[in-house]
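One structure is given below, encoded as structure tokens.
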Amino acid sequence: MAPVGGTAVQDRVALAEIELCGELIIAASAVTEDRLSADRIDEVLRLAEALPEGPDDEG
């Protein structure tokens with residue numbers, strides 16, 4: 001039996017996290033330095049886009 005309520009939200013969040021991890025892996029494989037800079041990580045994760053705009057923000 002499938003769990004009741006909330007699984008669609010959890011699945012959407014899990015898929016978004018997997019996508020971001022993949023983006024970080026791709027970015028890390030492309031650098032010539034040992035590590036990604038903090039600025040590059042923020043850029044890859046689209047940090048500015050992820051900041052909530054208010055209580056009505058759904059994504």
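In the structure tokens, each chain is lettered A, B, ... as it comes, each chain's residues begin at 1, and ligands are numbered from 1 in order of appearance.
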* For segment 20-28 of chain A, work out the shell of residues within 9 Å, counting only C-alpha atoms and skipping chain neighbours fewer than 3 positions away, then give it as a list of chain:residue names. =>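 Skipping anything fewer than 3 positions along the chain leaves A:Leu15, A:Ala16, A:Glu17, A:Val31, A:Thr32, A:Asp34, A:Arg35, A:Leu36, A:Arg40, A:Ile41, A:Val44, A:Leu45.
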